[in-house]
Amino acid sequence: MAMRKVLILCLALLGHLATFEQWAAQAEKLQLVYQWRQLGESGNGTGSESVLFSSNAVLPDEDRYNAYGNLPMGVTHHKGFLYVTIPRRRTGIPATLNVIDMARNPSVDSPTLDPYPNLLVNTLRTDQAPDPKRIVSVYRTQVDRCDRLWFVDTGYLEYPGGAGRQVQRPALWVIDLTIHRSVRRFEIPPDMVEHGYGIPNIEVDVDPVDCGRAYAYIPDYEWRRLYVYGLTEGRMWRFEHNYFSFEPRYGDFSVAQQQFTWYDGIFSVAVGGTGGGGLPVTNERTVYLHAMASVSEIAVSNRVLQNETLARLGNGAYGRHFRHLGGRGPNTQSSSHAYDPRTGVLFYAEINRNAVGCWNTHKQFTPENHGIVHLDNVEMIYPADLRIDSSGDLWVISNRLPIWIYSKLNQTDVNYRIWRQSAARAVAGTICA
């Protein structure tokens with residue numbers, strides 16, 4: 001009898017230890033890596049005296065550096081370097097594509113951004129003439145397993161007050177990060193899209209053994225289309241579907257006391273594993289996609305997207321292959337989402353509740369199976385981008401975009417933050433584990 005009591009006590013203690021470990025793992029939310037009040041302020045984060053970027057970029061007098069206009073949008077990590085984008089939505093932006101050398105920036109406050117691959121490639125011509133050797137405006141990037149950085153240069157100056165213009169054709173870029181040079185630039189043809197205004201994101205699908213067999217999935221929220229580029233084929237084709245549209249009842253947003261309505265359609269694409277989203281387990285991978293003004297998730301096989309012939313046959317040929325999985329729950333509108341192959345979890349940057357959400361793709365797609373790994377209504381206002389790196393780390397950037405657009409940022413507050421956490425630790429203790 002005494003032995004039985006001892007055994008019960010031991011089991012109870014083990015249970016408490018397991019609960020504590022689970023709680024501790026759950027309590028370890030995303031960790032702050034970098035933060036800025038404004039980009040270009042002094043490195044110690046205590047002042048706004050501009051040291052600009054480490055290249056000491058020089059801008060024309062009529063286009064002086066505009067600290068407030070430099071709002072970071074996308075972040076991608078690769079081998080100790082962070083690639084940060086600043087789309088040209090205002091004048092006075094020296095570089096739209098930048099890199100942070102993390103080894104040279106140990107402090108959390110105001111790390112230095114270097115134009116990538118260099119300043120010249122990021123500099124607009126003074127006459128704003130098209131130049132295929134230069135980048136106009138980039139929103140988000142993706143690094144593949146073959147050390148290549150992919151992104152779309154929208155070619156569009158998104159200046160307010162009717163001052164915006166299409167400088168050059170939108171183009172897909174691929175840069176080899178081992179040599180810091182472009183290895184592919186593909187101008188998106190006019191029969192695909194008239195302008196690059198609505199291209200906010202990119203997802204890359206690479207064959208596990210052949211780097212040459214790669215496809216870029218490029219959503220267009222303005223025209224509600226999905227463009228697919230085949231690296232080997234050197235061509236682009238597109239898909240159109242009613243699932244790519246926004247959902248009217250989810251177009252109303254409330255972020256940091258800013259109420260607004262957006263009509264953004266298909267916004268983010270994430271390549272998942274095999275057999276997810278209710279698809280049969282085969283060598284095909286499930287591709288997940290969703291609109292910004294929506295709480296729905298759509299699934300399709302990557303083999304469907306890679307079929308150029310099927311795409312050219314039209315919606316009647318491929319429409320049934322796109323599956324509506326269901327809704328994620330109220331207030332779960334998301335900008336970017338990304339899949340972690342180690343945990344099988346899909347992570348969401350949930351802009352309407354300043355959170356990072358999750359769903360384990362091995363579970364049924366229901367609101368009850370969606371969890372939250374991080375929520376912060378003070379510091380993580382508007383998570384604008386979310387990526388998983390090759391080490392299984394989750395990276396998020398928040399930028400208070402609605403305040404920047406509809407009100408005025410307090411330039412003495414910390415406005416921009418980059419976060420990191422192991423994907424496995426982020427979901428520990430949640431419904432997504």
# chains A, B, ... in the order shown; residues from 1 in each chain; ligands from 1
>>> residues_around(residues="A:Leu346", least_positions_apart="6", cutoff="9 Å", atoms="only C-alpha atoms", output="VMD selection string")
chain A and resid 270 272 337 to 340 357 to 361 432
>>> write_last_selection(atoms="all heavy atoms", output="PDB file, in the first residue's frame")
ATOM      1  N   ALA A 270       1.453  29.516 -49.451  1.00  0.00           N
ATOM      2  CA  ALA A 270       2.401  28.745 -48.643  1.00  0.00           C
ATOM      3  C   ALA A 270       2.431  27.306 -49.141  1.00  0.00           C
ATOM      4  O   ALA A 270       1.385  26.660 -49.243  1.00  0.00           O
ATOM      5  CB  ALA A 270       2.011  28.778 -47.164  1.00  0.00           C
ATOM      6  N   GLY A 272       2.930  23.613 -48.537  1.00  0.00           N
ATOM      7  CA  GLY A 272       2.887  22.718 -47.389  1.00  0.00           C
ATOM      8  C   GLY A 272       3.521  21.375 -47.677  1.00  0.00           C
ATOM      9  O   GLY A 272       4.352  21.235 -48.585  1.00  0.00           O
ATOM     10  N   HIS A 337       1.431  33.946 -44.611  1.00  0.00           N
ATOM     11  CA  HIS A 337       1.474  32.726 -43.819  1.00  0.00           C
ATOM     12  C   HIS A 337       2.576  31.830 -44.364  1.00  0.00           C
ATOM     13  O   HIS A 337       3.018  31.978 -45.501  1.00  0.00           O
ATOM     14  CB  HIS A 337       0.117  32.022 -43.735  1.00  0.00           C
ATOM     15  CG  HIS A 337      -0.440  31.466 -45.014  1.00  0.00           C
ATOM     16  ND1 HIS A 337      -0.122  31.929 -46.262  1.00  0.00           N
ATOM     17  CD2 HIS A 337      -1.337  30.457 -45.223  1.00  0.00           C
ATOM     18  CE1 HIS A 337      -0.790  31.249 -47.177  1.00  0.00           C
ATOM     19  NE2 HIS A 337      -1.524  30.351 -46.579  1.00  0.00           N
ATOM     20  N   ALA A 338       3.080  30.921 -43.520  1.00  0.00           N
ATOM     21  CA  ALA A 338       4.216  30.083 -43.892  1.00  0.00           C
ATOM     22  C   ALA A 338       4.090  28.719 -43.228  1.00  0.00           C
ATOM     23  O   ALA A 338       3.557  28.594 -42.123  1.00  0.00           O
ATOM     24  CB  ALA A 338       5.530  30.744 -43.483  1.00  0.00           C
ATOM     25  N   TYR A 339       4.618  27.709 -43.902  1.00  0.00           N
ATOM     26  CA  TYR A 339       4.532  26.319 -43.442  1.00  0.00           C
ATOM     27  C   TYR A 339       5.879  25.852 -42.906  1.00  0.00           C
ATOM     28  O   TYR A 339       6.927  26.105 -43.510  1.00  0.00           O
ATOM     29  CB  TYR A 339       4.102  25.432 -44.605  1.00  0.00           C
ATOM     30  CG  TYR A 339       4.098  23.949 -44.306  1.00  0.00           C
ATOM     31  CD1 TYR A 339       3.051  23.364 -43.603  1.00  0.00           C
ATOM     32  CD2 TYR A 339       5.149  23.136 -44.742  1.00  0.00           C
ATOM     33  CE1 TYR A 339       3.038  21.994 -43.340  1.00  0.00           C
ATOM     34  CE2 TYR A 339       5.147  21.772 -44.486  1.00  0.00           C
ATOM     35  CZ  TYR A 339       4.092  21.208 -43.779  1.00  0.00           C
ATOM     36  OH  TYR A 339       4.079  19.852 -43.527  1.00  0.00           O
ATOM     37  N   ASP A 340       5.833  25.180 -41.754  1.00  0.00           N
ATOM     38  CA  ASP A 340       7.035  24.597 -41.167  1.00  0.00           C
ATOM     39  C   ASP A 340       7.014  23.093 -41.371  1.00  0.00           C
ATOM     40  O   ASP A 340       6.178  22.396 -40.787  1.00  0.00           O
ATOM     41  CB  ASP A 340       7.124  24.911 -39.672  1.00  0.00           C
ATOM     42  CG  ASP A 340       8.294  24.189 -39.018  1.00  0.00           C
ATOM     43  OD1 ASP A 340       9.401  24.256 -39.579  1.00  0.00           O
ATOM     44  OD2 ASP A 340       8.096  23.552 -37.971  1.00  0.00           O
ATOM     45  N   GLY A 357      -0.969  33.349 -35.508  1.00  0.00           N
ATOM     46  CA  GLY A 357      -1.825  32.190 -35.322  1.00  0.00           C
ATOM     47  C   GLY A 357      -1.194  30.940 -35.898  1.00  0.00           C
ATOM     48  O   GLY A 357      -0.146  30.989 -36.560  1.00  0.00           O
ATOM     49  N   CYS A 358      -1.832  29.799 -35.644  1.00  0.00           N
ATOM     50  CA  CYS A 358      -1.273  28.539 -36.118  1.00  0.00           C
ATOM     51  C   CYS A 358      -2.365  27.519 -36.375  1.00  0.00           C
ATOM     52  O   CYS A 358      -3.451  27.579 -35.794  1.00  0.00           O
ATOM     53  CB  CYS A 358      -0.261  27.981 -35.118  1.00  0.00           C
ATOM     54  SG  CYS A 358      -0.970  27.578 -33.485  1.00  0.00           S
ATOM     55  N   TRP A 359      -2.075  26.566 -37.245  1.00  0.00           N
ATOM     56  CA  TRP A 359      -2.930  25.409 -37.499  1.00  0.00           C
ATOM     57  C   TRP A 359      -2.051  24.229 -37.870  1.00  0.00           C
ATOM     58  O   TRP A 359      -1.192  24.320 -38.750  1.00  0.00           O
ATOM     59  CB  TRP A 359      -3.920  25.695 -38.640  1.00  0.00           C
ATOM     60  CG  TRP A 359      -4.633  24.462 -39.131  1.00  0.00           C
ATOM     61  CD1 TRP A 359      -5.410  23.619 -38.397  1.00  0.00           C
ATOM     62  CD2 TRP A 359      -4.590  23.923 -40.457  1.00  0.00           C
ATOM     63  NE1 TRP A 359      -5.874  22.583 -39.191  1.00  0.00           N
ATOM     64  CE2 TRP A 359      -5.391  22.749 -40.457  1.00  0.00           C
ATOM     65  CE3 TRP A 359      -3.977  24.314 -41.649  1.00  0.00           C
ATOM     66  CZ2 TRP A 359      -5.584  21.967 -41.599  1.00  0.00           C
ATOM     67  CZ3 TRP A 359      -4.168  23.540 -42.784  1.00  0.00           C
ATOM     68  CH2 TRP A 359      -4.960  22.388 -42.748  1.00  0.00           C
ATOM     69  N   ASN A 360      -2.227  23.121 -37.169  1.00  0.00           N
ATOM     70  CA  ASN A 360      -1.511  21.889 -37.477  1.00  0.00           C
ATOM     71  C   ASN A 360      -2.213  21.211 -38.647  1.00  0.00           C
ATOM     72  O   ASN A 360      -3.371  20.813 -38.538  1.00  0.00           O
ATOM     73  CB  ASN A 360      -1.485  20.965 -36.254  1.00  0.00           C
ATOM     74  CG  ASN A 360      -0.540  19.793 -36.440  1.00  0.00           C
ATOM     75  OD1 ASN A 360      -0.491  19.184 -37.499  1.00  0.00           O
ATOM     76  ND2 ASN A 360       0.216  19.479 -35.398  1.00  0.00           N
ATOM     77  N   THR A 361      -1.507  21.090 -39.776  1.00  0.00           N
ATOM     78  CA  THR A 361      -2.131  20.588 -40.996  1.00  0.00           C
ATOM     79  C   THR A 361      -2.506  19.110 -40.917  1.00  0.00           C
ATOM     80  O   THR A 361      -3.183  18.601 -41.809  1.00  0.00           O
ATOM     81  CB  THR A 361      -1.201  20.802 -42.206  1.00  0.00           C
ATOM     82  OG1 THR A 361       0.048  20.123 -41.974  1.00  0.00           O
ATOM     83  CG2 THR A 361      -0.933  22.283 -42.420  1.00  0.00           C
ATOM     84  N   CYS A 432      -1.865  23.566 -31.607  1.00  0.00           N
ATOM     85  CA  CYS A 432      -1.137  23.234 -32.837  1.00  0.00           C
ATOM     86  C   CYS A 432       0.013  22.251 -32.615  1.00  0.00           C
ATOM     87  O   CYS A 432       0.637  21.797 -33.579  1.00  0.00           O
ATOM     88  CB  CYS A 432      -0.588  24.509 -33.477  1.00  0.00           C
ATOM     89  SG  CYS A 432      -1.854  25.749 -33.796  1.00  0.00           S
TER      90      CYS A 432
END
>>> closest_atom_pairs(of="stretch 240-358 of chain A", to="stretch 62-84 of chain A", cutoff="12 Å", atoms="only C-alpha atoms", output="CSV")
residue,atom,partner,partner_atom,distance
A:Ser335,CA,A:Gly74,CA,10.8
A:Ser336,CA,A:Gly74,CA,9.5
A:Ala338,CA,A:Thr76,CA,11.6
A:Ala349,CA,A:Gly74,CA,11.8
>>> residues_around(residues="stretch 319-324 of chain A", least_positions_apart="6", cutoff="7 Å", atoms="only C-alpha atoms", output="list of chain:residue names")
A:His241, A:Glu297, A:Ile298, A:Ala299, A:Val300
>>> closest_residue(among="A:Arg104, A:Arg387, A:Arg165, A:Arg328", to="A:Val269", atoms="only C-alpha atoms")
A:Arg387
>>> closest_residue(among="A:Tyr159, A:Tyr263, A:Tyr348, A:Trp223", to="A:Thr332", atoms="only C-alpha atoms")
A:Tyr348
>>> residues_around(residues="stretch 187-197 of chain A", least_positions_apart="4", cutoff="8 Å", atoms="only C-alpha atoms", output="count of residues only")
15
>>> select_by_dssp(residues="stretch 76-245 of chain A", states="strand (DSSP E or B)", output="PyMOL selection string")
chain A and resi 76-78+81-85+97-101+109+114-115+138-143+148-153+156-157+165-166+171-176+181-187+203-206+214-220+225-230+235-240
>>> select_by_dssp(residues="stretch 262-383 of chain A", states="alpha helix (DSSP H)", output="list in words")
Asn302, Arg303, Val304, Leu305, Glu308, Thr309, Leu310, Ala311, Arg312, Leu313, Asn315, Gly316, Ala317 and Tyr318 of chain A
>>> residues_around(residues="A:Ala95", least_positions_apart="2", cutoff="12 Å", atoms="only C-alpha atoms", output="JSON, numbers by chain")
{"A": [39, 40, 52, 53, 54, 55, 56, 57, 58, 59, 65, 66, 69, 70, 71, 72, 83, 84, 85, 86, 87, 88, 90, 91, 92, 93, 97, 98, 99, 113, 114, 115, 116, 117, 118, 119, 120, 121, 122, 123, 124, 134, 135, 136, 137, 138]}
>>> residues_around(residues="stretch 251-260 of chain A", least_positions_apart="6", cutoff="9 Å", atoms="only C-alpha atoms", output="PyMOL selection string")
chain A and resi 292-294+331+333+351-354+377-378+381-382+400+402-403+406-407
>>> write_last_selection(atoms="N, CA, C and O atoms", output="tab-separated table (two decimals), in the first residue's frame")
chain	number	residue	atom	x	y	z
A	292	MET	N	-6.46	38.51	-48.36
A	292	MET	CA	-6.25	39.32	-47.16
A	292	MET	C	-7.58	39.60	-46.47
A	292	MET	O	-7.72	39.40	-45.25
A	293	ALA	N	-8.56	40.09	-47.21
A	293	ALA	CA	-9.87	40.41	-46.63
A	293	ALA	C	-10.72	39.14	-46.63
A	293	ALA	O	-11.71	38.99	-47.36
A	294	SER	N	-10.32	38.19	-45.78
A	294	SER	CA	-10.94	36.87	-45.75
A	294	SER	C	-10.46	36.12	-44.52
A	294	SER	O	-9.41	36.43	-43.97
A	331	ASN	N	-11.97	37.43	-36.90
A	331	ASN	CA	-10.83	38.35	-36.77
A	331	ASN	C	-9.49	37.71	-37.13
A	331	ASN	O	-8.45	38.13	-36.65
A	333	GLN	N	-8.11	37.58	-40.21
A	333	GLN	CA	-7.56	38.04	-41.48
A	333	GLN	C	-6.04	38.07	-41.39
A	333	GLN	O	-5.47	38.52	-40.40
A	351	ILE	N	-3.34	40.13	-38.84
A	351	ILE	CA	-3.24	41.58	-38.73
A	351	ILE	C	-4.38	42.20	-37.94
A	351	ILE	O	-4.22	43.26	-37.34
A	352	ASN	N	-5.54	41.55	-37.91
A	352	ASN	CA	-6.70	42.16	-37.27
A	352	ASN	C	-6.69	41.97	-35.75
A	352	ASN	O	-7.46	42.61	-35.04
A	353	ARG	N	-5.83	41.06	-35.26
A	353	ARG	CA	-5.73	40.91	-33.81
A	353	ARG	C	-4.28	40.91	-33.32
A	353	ARG	O	-3.98	40.41	-32.24
A	354	ASN	N	-3.39	41.47	-34.17
A	354	ASN	CA	-1.99	41.68	-33.76
A	354	ASN	C	-1.39	40.41	-33.16
A	354	ASN	O	-0.85	40.41	-32.05
A	377	ASN	N	-1.07	43.49	-28.32
A	377	ASN	CA	-1.75	44.65	-28.88
A	377	ASN	C	-0.98	45.96	-28.68
A	377	ASN	O	-1.46	47.02	-29.08
A	378	VAL	N	0.18	45.87	-28.07
A	378	VAL	CA	1.00	47.06	-27.87
A	378	VAL	C	2.22	47.04	-28.79
A	378	VAL	O	2.49	48.01	-29.49
A	381	ILE	N	1.81	45.42	-33.31
A	381	ILE	CA	0.70	46.00	-34.07
A	381	ILE	C	0.98	45.83	-35.56
A	381	ILE	O	1.99	46.31	-36.08
A	382	TYR	N	0.12	45.09	-36.21
A	382	TYR	CA	0.17	44.77	-37.63
A	382	TYR	C	1.42	43.95	-38.01
A	382	TYR	O	2.41	44.48	-38.49
A	400	ARG	N	3.00	48.61	-37.80
A	400	ARG	CA	1.95	49.60	-37.49
A	400	ARG	C	1.43	50.30	-38.75
A	400	ARG	O	1.12	51.50	-38.75
A	402	PRO	N	-1.45	50.44	-40.48
A	402	PRO	CA	-2.68	51.22	-40.50
A	402	PRO	C	-2.55	52.61	-39.86
A	402	PRO	O	-3.16	53.58	-40.33
A	403	ILE	N	-1.75	52.71	-38.80
A	403	ILE	CA	-1.53	54.02	-38.19
A	403	ILE	C	-0.76	54.90	-39.16
A	403	ILE	O	-1.06	56.10	-39.32
A	406	TYR	N	-3.43	55.84	-42.02
A	406	TYR	CA	-4.67	56.55	-41.71
A	406	TYR	C	-4.53	57.59	-40.59
A	406	TYR	O	-5.44	58.38	-40.38
A	407	SER	N	-3.42	57.58	-39.89
A	407	SER	CA	-3.24	58.53	-38.80
A	407	SER	C	-1.80	59.05	-38.85
A	407	SER	O	-1.35	59.46	-39.90
>>> closest_residue(among="A:Val304, A:Ile388, A:Ile202, A:Val228", to="A:Ser422", atoms="only C-alpha atoms")
A:Ile388
>>> residues_around(residues="A:Pro130", least_positions_apart="5", cutoff="8 Å", atoms="only C-alpha atoms", output="number ranges by chain")
A: 125, 167-168
>>> atom_distance(atom1="atom CA of A:Arg140", atom2="atom CA of A:Thr309")
28.5 Å
>>> atom_distance(atom1="atom CA of A:Asp385", atom2="atom CA of A:Ile397")
5.5 Å
>>> atom_distance(atom1="atom CA of A:Trp404", atom2="atom CA of A:Ala384")
12.8 Å
